[in-house]
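Note sheet for the following structure.
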Amino acid sequence: MTNSSNPGQSIMRRRPFSVKTQTGFTTMAIICFFLLYAPLLPLVFYSFNAGSSLAFWEGFSFRWYVAAWENEMVMDATIRSLYLAISAALISTFLATLAALGTTRTRPYRGLTAIYAMINQPLMVPEIVTAVALLILFAGIKQATDYHGMAYLIIAHSAFCIPFAYLPIRARLEGMDKTLEVAAADLYATRWMTFRRITLPLIWPGILAGLMLAFVISLDDVVITQLVKSSGQNTLPTYMLGQLRRVITPEVNAISSVLLAVSVAIVTVLFFLNKKNNNNKKTQ
Amino acid sequence: MKWKLTAVAAGLAFALTSGVAGIAKASGELNLFNWGNYTNPELITKFEAETGIKVIITDYDDNDSALAKVKVGGHGFDMVVPSSNYVPIWIKEGLLLEARPDQMSNFKNLEEIWQDVDWDPGRHYTVPWQWGSVGIMLDTAVYSGDINTSSIIFDPPAELVGKINVAPEMADVVGMALRYIGSEPCTLDKAALKKARDLLINAKTKWLSMEYGVIEKIAGGDLAASLYWNGASFRARLQNPNVHFGYPKEGYSLWMDSVAILKDAKNVENAKTFMNFIMVPENAALISAFARYANGVKGSVPFMPEDMATAPEVVIPPEFLKSGHFVPSCEPEAQGYYTAIWTELQK
């Protein structure tokens with residue numbers, strides 16, 4: 001940052017290009033953060049409105065939080081959403097970890113690129129296409145088995161969460177120093193011990209990041225959920241969407257604010273966990 | 001943090017058991033597939049208490065996705081609530097059960113005009129849930145002339161220019177323009193269609209916006225008029241007494257959502273019980289009390305909340321009712337012209 005306005009030719013040549021040193025970087029960053037987060041402020045603000053309007057302030061109150069808390073539909077949908085997101089995040093992260101090991105800890109083999117493409121398919125194929133395909137497939141199974149439970153949603157969510165969990169884990173595996181694993185093998189560690197004692201602890205932050213991403217992606221999915229859900233399976237996002245088409249009250253703001261607070265809390269906790277881990281490593 | 005964890009754990013356990021059990025095929029169940037935020041919980045509690053039937057509600061947010069889900073089968077729903085212009089499609093696709101509500105004991109409670117409707121002749125399939133209209137919302141503090149005319153939108157007085165909003169609903173807007181120039185919705189008469197297009201394109205230069213969510217804006221004075229739904233106008237008047245609702249004499253749209261039983265319903269008898277139940281005036285009033293539109297059942301008005309029972313937006317004055325028309329589902333060719341006009345208008 002310091003010298004960018006007074007460029008000595010030789011200094012410039014030696015210093016690698018960095019986006020952070022470009023003029024206007026700070027301004028651009030501030031504008032971007034503002035555009036990203038400013039819309040959230042009125043949302044949270046009006047969740048405390050005493051009136052039923054989203055635009056006129058009528059005094060401070062927790063009325064809408066109480067209303068949401070006492071609204072059985074909201075509670076029911078929230079519990080279902082959390083159950084679904086946790087299940088899908090755990091399943092997809094587990095599968096993604098296996099996939100990441102299988103695509104980085106082997107010699108390159110024929111079809112590896114095809115496997116990458118398959119794992120990342122949910123990122124490429126438009127969501128509505130996947131949703132319609134799942135709708136048709138599951139409708140057939142529902143008719144044949146007469147089972148209408150949550151399994152369909154869990155399978156569907158796990159499937160589209162896999163790439164989100166996979167990418168950070170693979171990045172971590174690729175960035176890891178492979179000689180550590182080789183050293184462990186030299187010291188007669190079995191493959192399982194190597195994985196358990198060396199690889200897993202080192203990629204753990206990647207796995208946590210993947211888990212978190214998968215959780216958040218599952219939590220706010222609408223399109224696939226809407227088409228796959230069976231009778232009595234409203235999730236929080238599909239419930240909120242239904243509200244928006246009718247009459248909006250600050251109750252929606254209250255629910256959103258709570259969701260926002262929960263995600264901020266998750267991110268903060270993970271940040272401190274990570275920081276603690278890094279500090280431990282430095283002192284060792 | 002601890003209570004949160006406990007809550008989540010309890011939730012997991014609860015959801016797990018209910019999820020694994022799936023929908024048990026108990027005889028006392030009814031799966032209602034309805035628009036989100038449209039079913040009064042009090043109505044359901046009352047129904048459950050009177051009949052012992054447990055009601056499970058699932059939301060949808062548009063006619064097409066509801067239709068698609070039911071069409072592929074395996075959905076597990078018993079009842080659905082399509083809009084009037086979609087009912088013929090549901091019937092034609094063979095998705096609805098001919099439940100003959102017209103032979104049910106409470107059918108006589110329906111207002112005569114709703115006992116026989118174009119989209120369900122003789123009411124062999126459906127029972128009214130709620131109905132309303134698309135008319136003129138006007139801030140009478142800005143303009144005090146005649147409110148019951150669509151010229152407020154299509155040929156606005158000077159006071160209103162630049163302060164008008166129009167709901168982005170193709171069928172309602174183009175249909176109303178066609179009626180304004182003396183034609184009919186779904187017409188194939190090219191001269192009339194051109195005239196309607198020119199009318200709309202000219203009028204648009206005097207509008208401010210084409211969007212939803214106008215209650216706050218008109219109550220707060222950002223807008224002076226809008227083509228919009230009666231229920232929203234009613235809500236706006238509760239915030240600002242100057243907002244009134246007009247029923248254009250040149251013609252305006254009516255809509256109705258109706259309850260129907262699906263052909264592959266598992267709990268047909270329970271569904272029929274529900275149909276008959278909502279035609280009782282005090283039960284119908286509960287539907288209206290929640291989503292705040294009229295319900296079509298005679299004698300339900302006295303059971304509605306005081307502010308609704310006296311609202312001219314909810315209970316249409318009889319002299320204006322005759323110029324209201326249900327939006328028909330146009331043939332594909334007419335639909336094509338509508339889309340062309342709409343695309344040009346959106347530019």
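By convention here, the chains of the structure tokens are called A, B, ... in the order presented, each chain's residues are numbered starting at 1, and ligands are numbered starting at 1 in the order presented.
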
Handout entry: Residues within 9 Å of segment 212-223 of chain A, only C-alpha atoms, excluding chain neighbours under 3 positions, as JSON, numbers by chain
Key = {"A": [81, 82, 84, 85, 86, 87, 88, 89, 90, 92, 93, 127, 128, 131, 157, 158, 160, 161, 162, 163, 164, 165, 207, 208, 209, 226, 227, 228, 235, 236, 237, 238, 241, 263, 266, 267]}

Produce a file of the selected residues containing N, CA, C and O atoms, as a compact mmCIF listing (two decimals), in the first residue's frame.
# COMPACT_ATOMS: atom_id res chain seq x y z
N SER A 81 -36.16 -27.76 8.73
CA SER A 81 -35.03 -27.21 7.97
C SER A 81 -33.70 -27.57 8.61
O SER A 81 -32.75 -27.96 7.93
N LEU A 82 -33.63 -27.42 9.95
CA LEU A 82 -32.37 -27.71 10.65
C LEU A 82 -32.04 -29.20 10.54
O LEU A 82 -30.90 -29.58 10.25
N LEU A 84 -32.98 -31.26 8.25
CA LEU A 84 -32.60 -31.55 6.87
C LEU A 84 -31.18 -31.06 6.59
O LEU A 84 -30.35 -31.78 6.02
N ALA A 85 -30.88 -29.81 7.00
CA ALA A 85 -29.58 -29.23 6.68
C ALA A 85 -28.45 -29.97 7.40
O ALA A 85 -27.39 -30.21 6.81
N ILE A 86 -28.69 -30.34 8.66
CA ILE A 86 -27.65 -31.05 9.40
C ILE A 86 -27.41 -32.42 8.76
O ILE A 86 -26.26 -32.82 8.50
N SER A 87 -28.49 -33.15 8.48
CA SER A 87 -28.34 -34.48 7.87
C SER A 87 -27.61 -34.36 6.54
O SER A 87 -26.64 -35.09 6.27
N ALA A 88 -28.07 -33.45 5.69
CA ALA A 88 -27.48 -33.33 4.36
C ALA A 88 -26.02 -32.91 4.45
O ALA A 88 -25.17 -33.40 3.70
N ALA A 89 -25.70 -32.00 5.40
CA ALA A 89 -24.32 -31.53 5.52
C ALA A 89 -23.40 -32.67 5.95
O ALA A 89 -22.30 -32.84 5.40
N LEU A 90 -23.85 -33.47 6.92
CA LEU A 90 -23.01 -34.57 7.40
C LEU A 90 -22.79 -35.60 6.29
O LEU A 90 -21.66 -36.01 6.02
N SER A 92 -23.16 -35.30 2.99
CA SER A 92 -22.42 -34.83 1.82
C SER A 92 -20.95 -34.58 2.16
O SER A 92 -20.07 -34.84 1.34
N THR A 93 -20.66 -34.11 3.38
CA THR A 93 -19.26 -33.88 3.74
C THR A 93 -18.49 -35.19 3.83
O THR A 93 -17.35 -35.30 3.39
N GLU A 127 -30.43 -25.51 -11.53
CA GLU A 127 -31.10 -26.17 -10.42
C GLU A 127 -32.49 -26.66 -10.81
O GLU A 127 -32.92 -27.73 -10.38
N ILE A 128 -33.18 -25.89 -11.64
CA ILE A 128 -34.54 -26.26 -11.98
C ILE A 128 -34.57 -27.58 -12.76
O ILE A 128 -35.49 -28.38 -12.63
N ALA A 131 -34.16 -30.26 -10.32
CA ALA A 131 -35.40 -30.36 -9.53
C ALA A 131 -36.47 -31.13 -10.28
O ALA A 131 -37.12 -32.01 -9.72
N HIS A 157 -30.86 -33.19 -1.10
CA HIS A 157 -29.99 -32.13 -0.57
C HIS A 157 -28.54 -32.62 -0.47
O HIS A 157 -27.62 -31.88 -0.79
N SER A 158 -28.34 -33.86 0.01
CA SER A 158 -26.98 -34.39 0.11
C SER A 158 -26.31 -34.34 -1.27
O SER A 158 -25.15 -33.97 -1.39
N PHE A 160 -26.85 -32.36 -3.95
CA PHE A 160 -26.38 -31.08 -4.49
C PHE A 160 -25.42 -30.36 -3.56
O PHE A 160 -24.80 -29.37 -3.96
N CYS A 161 -25.28 -30.85 -2.32
CA CYS A 161 -24.31 -30.23 -1.40
C CYS A 161 -22.90 -30.78 -1.60
O CYS A 161 -21.94 -30.16 -1.14
N ILE A 162 -22.78 -31.95 -2.24
CA ILE A 162 -21.46 -32.57 -2.34
C ILE A 162 -20.39 -31.65 -2.94
O ILE A 162 -19.33 -31.48 -2.33
N PRO A 163 -20.61 -30.99 -4.08
CA PRO A 163 -19.52 -30.16 -4.61
C PRO A 163 -19.11 -29.04 -3.68
O PRO A 163 -17.94 -28.67 -3.62
N PHE A 164 -20.07 -28.50 -2.91
CA PHE A 164 -19.73 -27.38 -2.01
C PHE A 164 -18.83 -27.87 -0.88
O PHE A 164 -17.98 -27.14 -0.39
N ALA A 165 -19.05 -29.12 -0.45
CA ALA A 165 -18.18 -29.67 0.58
C ALA A 165 -16.86 -30.14 -0.03
O ALA A 165 -15.80 -30.03 0.58
N ILE A 207 -12.44 -29.69 6.03
CA ILE A 207 -13.67 -30.46 6.23
C ILE A 207 -14.72 -29.61 6.94
O ILE A 207 -15.89 -29.59 6.56
N LEU A 208 -14.28 -28.86 7.96
CA LEU A 208 -15.22 -27.99 8.67
C LEU A 208 -15.81 -26.95 7.74
O LEU A 208 -17.02 -26.68 7.74
N ALA A 209 -14.94 -26.36 6.91
CA ALA A 209 -15.41 -25.35 5.97
C ALA A 209 -16.43 -25.96 5.01
O ALA A 209 -17.48 -25.37 4.73
N GLN A 226 -38.93 -27.34 -3.08
CA GLN A 226 -40.32 -27.09 -3.46
C GLN A 226 -40.87 -28.25 -4.29
O GLN A 226 -42.00 -28.65 -4.12
N LEU A 227 -40.06 -28.77 -5.19
CA LEU A 227 -40.57 -29.81 -6.08
C LEU A 227 -40.45 -31.21 -5.48
O LEU A 227 -41.17 -32.11 -5.88
N VAL A 228 -39.56 -31.41 -4.53
CA VAL A 228 -39.36 -32.75 -3.99
C VAL A 228 -40.21 -33.00 -2.75
O VAL A 228 -40.64 -34.12 -2.50
N THR A 235 -40.30 -26.41 4.47
CA THR A 235 -39.09 -25.98 5.15
C THR A 235 -39.20 -24.47 5.35
O THR A 235 -40.10 -23.84 4.79
N LEU A 236 -38.27 -23.91 6.10
CA LEU A 236 -38.36 -22.48 6.39
C LEU A 236 -38.37 -21.63 5.11
O LEU A 236 -39.21 -20.75 4.96
N PRO A 237 -37.44 -21.87 4.17
CA PRO A 237 -37.48 -21.05 2.95
C PRO A 237 -38.77 -21.21 2.14
O PRO A 237 -39.30 -20.22 1.65
N THR A 238 -39.30 -22.42 2.02
CA THR A 238 -40.53 -22.56 1.24
C THR A 238 -41.69 -21.91 1.99
O THR A 238 -42.59 -21.34 1.38
N LEU A 241 -41.34 -18.14 1.37
CA LEU A 241 -41.74 -17.81 0.00
C LEU A 241 -43.27 -17.73 -0.09
O LEU A 241 -43.81 -16.81 -0.71
N SER A 263 -26.26 -17.67 11.51
CA SER A 263 -25.12 -17.89 10.60
C SER A 263 -23.91 -17.09 11.04
O SER A 263 -22.78 -17.58 10.96
N ILE A 266 -22.31 -19.04 13.79
CA ILE A 266 -21.55 -20.20 13.32
C ILE A 266 -20.20 -19.78 12.77
O ILE A 266 -19.15 -20.33 13.12
N VAL A 267 -20.22 -18.75 11.93
CA VAL A 267 -18.97 -18.28 11.31
C VAL A 267 -17.99 -17.80 12.38
O VAL A 267 -16.79 -18.11 12.34

Exercise for the section: Report the residues of segment 9-148 of chain B whose backbone DSSP state falls under strand (DSSP E), written as a PyMOL selection string. Expected result: chain B and resi 29-35+54-60+79-80+126-139

Problem - Long-range neighbours of Pro82 of chain B as a ChimeraX atom specification, 7 Å cut-off, only C-alpha atoms, 5 positions minimum in chain - result: /B:63,87,257-258

Problem - Interface, chain A side, toward chain B (10 Å; only C-alpha atoms) as a PyMOL selection string - result: chain A and resi 52-56+71-73+75-76+78-84+86-87+132+135-151+226-235+238-248

Write to file, as a short mmCIF file (atom, residue, chain, number, x, y, z; two decimals), in the first residue's frame, the residues of the selection just made, with C-alpha atoms.
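Just written: selection-v7.cif:
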data_model
loop_
_atom_site.label_atom_id
_atom_site.label_comp_id
_atom_site.auth_asym_id
_atom_site.auth_seq_id
_atom_site.Cartn_x
_atom_site.Cartn_y
_atom_site.Cartn_z
CA SER A 52 -47.33 -4.33 10.95
CA SER A 53 -45.66 -2.29 8.20
CA LEU A 54 -42.32 -2.84 6.50
CA ALA A 55 -41.86 0.84 5.77
CA PHE A 56 -43.35 2.92 8.61
CA ASN A 71 -46.32 -19.58 15.19
CA GLU A 72 -46.47 -23.35 15.01
CA MET A 73 -45.96 -23.34 11.24
CA MET A 75 -41.44 -23.62 14.43
CA ASP A 76 -42.34 -26.77 12.57
CA THR A 78 -37.55 -24.38 11.30
CA ILE A 79 -37.05 -27.72 13.01
CA ARG A 80 -37.51 -29.53 9.70
CA SER A 81 -35.03 -27.21 7.97
CA LEU A 82 -32.37 -27.71 10.65
CA TYR A 83 -32.85 -31.47 10.65
CA LEU A 84 -32.60 -31.55 6.87
CA ILE A 86 -27.65 -31.05 9.40
CA SER A 87 -28.34 -34.48 7.87
CA VAL A 132 -37.67 -31.52 -12.34
CA LEU A 135 -39.52 -34.72 -9.10
CA ILE A 136 -40.18 -37.27 -11.82
CA LEU A 137 -37.83 -39.90 -10.38
CA PHE A 138 -39.11 -39.60 -6.81
CA ALA A 139 -42.74 -39.49 -7.92
CA GLY A 140 -42.22 -42.94 -9.44
CA ILE A 141 -40.59 -44.26 -6.27
CA LYS A 142 -43.27 -42.69 -4.06
CA GLN A 143 -45.98 -44.38 -6.09
CA ALA A 144 -44.22 -47.74 -6.06
CA THR A 145 -43.31 -47.80 -2.36
CA ASP A 146 -45.93 -45.53 -0.81
CA TYR A 147 -43.15 -44.06 1.38
CA HIS A 148 -43.42 -40.27 1.65
CA GLY A 149 -40.89 -39.50 4.39
CA MET A 150 -37.98 -37.10 4.67
CA ALA A 151 -35.52 -39.46 2.96
CA GLN A 226 -40.32 -27.09 -3.46
CA LEU A 227 -40.57 -29.81 -6.08
CA VAL A 228 -39.36 -32.75 -3.99
CA LYS A 229 -41.17 -32.16 -0.69
CA SER A 230 -44.09 -34.42 0.20
CA SER A 231 -47.18 -33.64 2.21
CA GLY A 232 -46.46 -31.72 5.40
CA GLN A 233 -42.82 -31.00 4.57
CA ASN A 234 -42.59 -27.22 4.46
CA THR A 235 -39.09 -25.98 5.15
CA THR A 238 -40.53 -22.56 1.24
CA TYR A 239 -42.70 -21.30 4.09
CA MET A 240 -41.26 -17.79 3.76
CA LEU A 241 -41.74 -17.81 0.00
CA GLY A 242 -45.40 -18.68 0.54
CA GLN A 243 -45.70 -15.70 2.89
CA LEU A 244 -44.20 -13.29 0.41
CA ARG A 245 -46.89 -14.04 -2.15
CA ARG A 246 -49.58 -13.04 0.32
CA VAL A 247 -49.23 -10.38 2.94
CA ILE A 248 -45.82 -9.55 4.33
#

Exercise for the section: Can you pull out every residue within 7 Å of Phe326 of chain B, counting only C-alpha atoms, but drop anything in the same chain fewer than 3 positions away, and send it as an MDAnalysis selection string? Expected result: chainID B and resid 253:255
